[in-house]
$ cat work_14.pdb   # PDB, C-alpha atoms, pLDDT in the B column
ATOM      1  CA  MET X 117     -65.732  42.696 -39.537  1.00 58.00           C
ATOM      2  CA  ASP X 118     -65.144  43.510 -35.879  1.00 69.00           C
ATOM      3  CA  ASP X 119     -64.722  39.824 -35.018  1.00 80.00           C
ATOM      4  CA  ILE X 120     -61.670  39.394 -37.281  1.00 85.00           C
ATOM      5  CA  ILE X 121     -58.391  39.449 -35.362  1.00 84.00           C
ATOM      6  CA  GLN X 122     -55.230  40.447 -37.175  1.00 81.00           C
ATOM      7  CA  VAL X 123     -52.253  38.292 -36.226  1.00 77.00           C
ATOM      8  CA  SER X 124     -48.905  40.023 -36.328  1.00 78.00           C
ATOM      9  CA  LYS X 125     -45.875  38.391 -37.903  1.00 76.00           C
ATOM     10  CA  PRO X 126     -42.975  37.309 -35.641  1.00 72.00           C
ATOM     11  CA  THR X 127     -40.549  40.035 -36.644  1.00 88.00           C
ATOM     12  CA  LEU X 128     -38.284  40.150 -33.570  1.00 90.00           C
ATOM     13  CA  MET X 129     -37.153  36.504 -33.758  1.00 89.00           C
ATOM     14  CA  LYS X 130     -36.847  36.727 -37.547  1.00 91.00           C
ATOM     15  CA  LYS X 131     -34.553  39.751 -37.296  1.00 92.00           C
ATOM     16  CA  ALA X 132     -32.528  38.178 -34.474  1.00 92.00           C
ATOM     17  CA  ILE X 133     -31.852  35.040 -36.538  1.00 91.00           C
ATOM     18  CA  GLU X 134     -30.978  37.115 -39.611  1.00 91.00           C
ATOM     19  CA  VAL X 135     -28.498  39.181 -37.549  1.00 93.00           C
ATOM     20  CA  LEU X 136     -26.854  36.021 -36.178  1.00 92.00           C
ATOM     21  CA  ILE X 137     -26.444  34.563 -39.660  1.00 90.00           C
ATOM     22  CA  VAL X 138     -25.471  37.755 -41.551  1.00 90.00           C
ATOM     23  CA  ASN X 139     -22.809  38.594 -38.965  1.00 92.00           C
ATOM     24  CA  GLN X 140     -21.553  34.990 -39.137  1.00 89.00           C
ATOM     25  CA  PHE X 141     -22.066  34.497 -35.399  1.00 92.00           C
ATOM     26  CA  MET X 142     -24.046  31.296 -35.987  1.00 92.00           C
ATOM     27  CA  THR X 143     -24.948  29.166 -38.987  1.00 92.00           C
ATOM     28  CA  GLY X 144     -28.485  28.047 -39.733  1.00 90.00           C
ATOM     29  CA  GLU X 145     -27.523  24.507 -38.747  1.00 89.00           C
ATOM     30  CA  LYS X 146     -26.079  25.706 -35.436  1.00 92.00           C
ATOM     31  CA  ILE X 147     -29.254  27.703 -34.669  1.00 90.00           C
ATOM     32  CA  ILE X 148     -31.406  24.612 -35.286  1.00 89.00           C
ATOM     33  CA  ARG X 149     -29.076  22.500 -33.124  1.00 89.00           C
ATOM     34  CA  GLN X 150     -29.137  25.102 -30.328  1.00 90.00           C
ATOM     35  CA  LEU X 151     -32.946  25.201 -30.384  1.00 88.00           C
ATOM     36  CA  SER X 152     -32.987  21.403 -30.203  1.00 88.00           C
ATOM     37  CA  ASN X 153     -30.572  21.434 -27.244  1.00 89.00           C
ATOM     38  CA  ASN X 154     -33.052  23.729 -25.478  1.00 89.00           C
ATOM     39  CA  SER X 155     -36.038  21.381 -25.934  1.00 87.00           C
ATOM     40  CA  LEU X 156     -37.376  22.914 -29.146  1.00 84.00           C
ATOM     41  CA  SER X 157     -36.884  20.153 -31.685  1.00 83.00           C
ATOM     42  CA  LEU X 158     -38.261  21.359 -35.015  1.00 85.00           C
ATOM     43  CA  ASN X 159     -36.966  20.858 -38.520  1.00 85.00           C
ATOM     44  CA  SER X 160     -35.821  23.837 -40.578  1.00 85.00           C
ATOM     45  CA  ASP X 161     -39.076  24.039 -42.576  1.00 88.00           C
ATOM     46  CA  GLU X 162     -41.148  24.289 -39.388  1.00 90.00           C
ATOM     47  CA  ILE X 163     -38.882  26.977 -37.948  1.00 88.00           C
ATOM     48  CA  LYS X 164     -39.005  28.871 -41.246  1.00 89.00           C
ATOM     49  CA  ARG X 165     -42.811  28.880 -41.240  1.00 89.00           C
ATOM     50  CA  LEU X 166     -43.194  29.747 -37.549  1.00 88.00           C
ATOM     51  CA  LEU X 167     -40.760  32.659 -37.742  1.00 87.00           C
ATOM     52  CA  ASP X 168     -41.703  33.769 -41.265  1.00 88.00           C
ATOM     53  CA  LEU X 169     -38.089  33.407 -42.427  1.00 89.00           C
ATOM     54  CA  ASN X 170     -37.175  33.881 -46.054  1.00 87.00           C
ATOM     55  CA  LYS X 171     -36.510  30.751 -48.092  1.00 86.00           C
ATOM     56  CA  GLY X 172     -32.935  29.584 -47.605  1.00 85.00           C
ATOM     57  CA  THR X 173     -32.288  31.556 -44.401  1.00 86.00           C
ATOM     58  CA  LEU X 174     -31.378  28.467 -42.386  1.00 84.00           C
ATOM     59  CA  ILE X 175     -29.435  26.815 -45.211  1.00 82.00           C
ATOM     60  CA  ASP X 176     -25.696  27.290 -44.898  1.00 72.00           C
ATOM     61  CA  GLN X 177     -24.429  28.990 -48.041  1.00 61.00           C
ATOM     62  CA  ASN X 178     -20.943  27.450 -47.693  1.00 59.00           C
ATOM     63  CA  GLN X 179     -22.317  23.956 -47.284  1.00 53.00           C
ATOM     64  CA  SER X 180     -22.192  22.062 -50.528  1.00 51.00           C
ATOM     65  CA  SER X 181     -24.672  19.376 -51.403  1.00 51.00           C
ATOM     66  CA  PRO X 182     -23.385  15.842 -51.080  1.00 53.00           C
ATOM     67  CA  VAL X 183     -22.341  14.296 -54.344  1.00 56.00           C
ATOM     68  CA  VAL X 184     -23.168  10.665 -54.883  1.00 59.00           C
ATOM     69  CA  SER X 185     -21.353   8.668 -57.475  1.00 58.00           C
ATOM     70  CA  ILE X 186     -23.120   5.596 -58.777  1.00 67.00           C
ATOM     71  CA  LYS X 187     -21.037   3.072 -60.629  1.00 67.00           C
ATOM     72  CA  LYS X 188     -22.208  -0.083 -62.298  1.00 70.00           C
ATOM     73  CA  ARG X 189     -20.753  -3.155 -60.682  1.00 71.00           C
ATOM     74  CA  HIS X 190     -19.108  -5.628 -63.004  1.00 72.00           C
ATOM     75  CA  ARG X 191     -19.740  -9.239 -62.206  1.00 70.00           C
ATOM     76  CA  SER X 192     -16.801 -11.570 -62.383  1.00 63.00           C
TER      77      SER X 192
END
$ encode --input "work_14.pdb" --output "structure tokens"
Amino acid sequence: MDDIIQVSKPTLMKKAIEVLIVNQFMTGEKIIRQLSNNSLSLNSDEIKRLLDLNKGTLIDQNQSSPVVSIKKRHRS
């Protein structure tokens, strides 16, 4: 049992991102874009796993899903 190493969870970065989002300083999308601008290009799922973020943390709550309307074309 002595050879088992406990790995701590990344709590500081997780809390920092939560503070930025809760206080509406940055959106999840803006955080991802800022990381990408600083040579850390990861998608939101990878960032979520690496930082142990809760599901939906990086998803903007005010952002609505795109609606696609499909209409049957009538041939003339």
$ residues_around --input "work_14.pdb" --residues "segment 129-136 of chain X" --least-positions-apart "4" --cutoff "9 Å" --atoms "only C-alpha atoms" --output "ChimeraX atom specification"
/X:140-144,147,164,167-170,173-174
$ closest_residue --input "work_14.pdb" --among "X:Val123, X:Ile175, X:Leu128, X:Val138" --to "Asn159 of chain X" --atoms "all atoms listed in the file"
X:Ile175
$ atom_distance --input "work_14.pdb" --atom1 "atom CA of Pro126 of chain X" --atom2 "atom CA of Arg165 of chain X"
10.1 Å
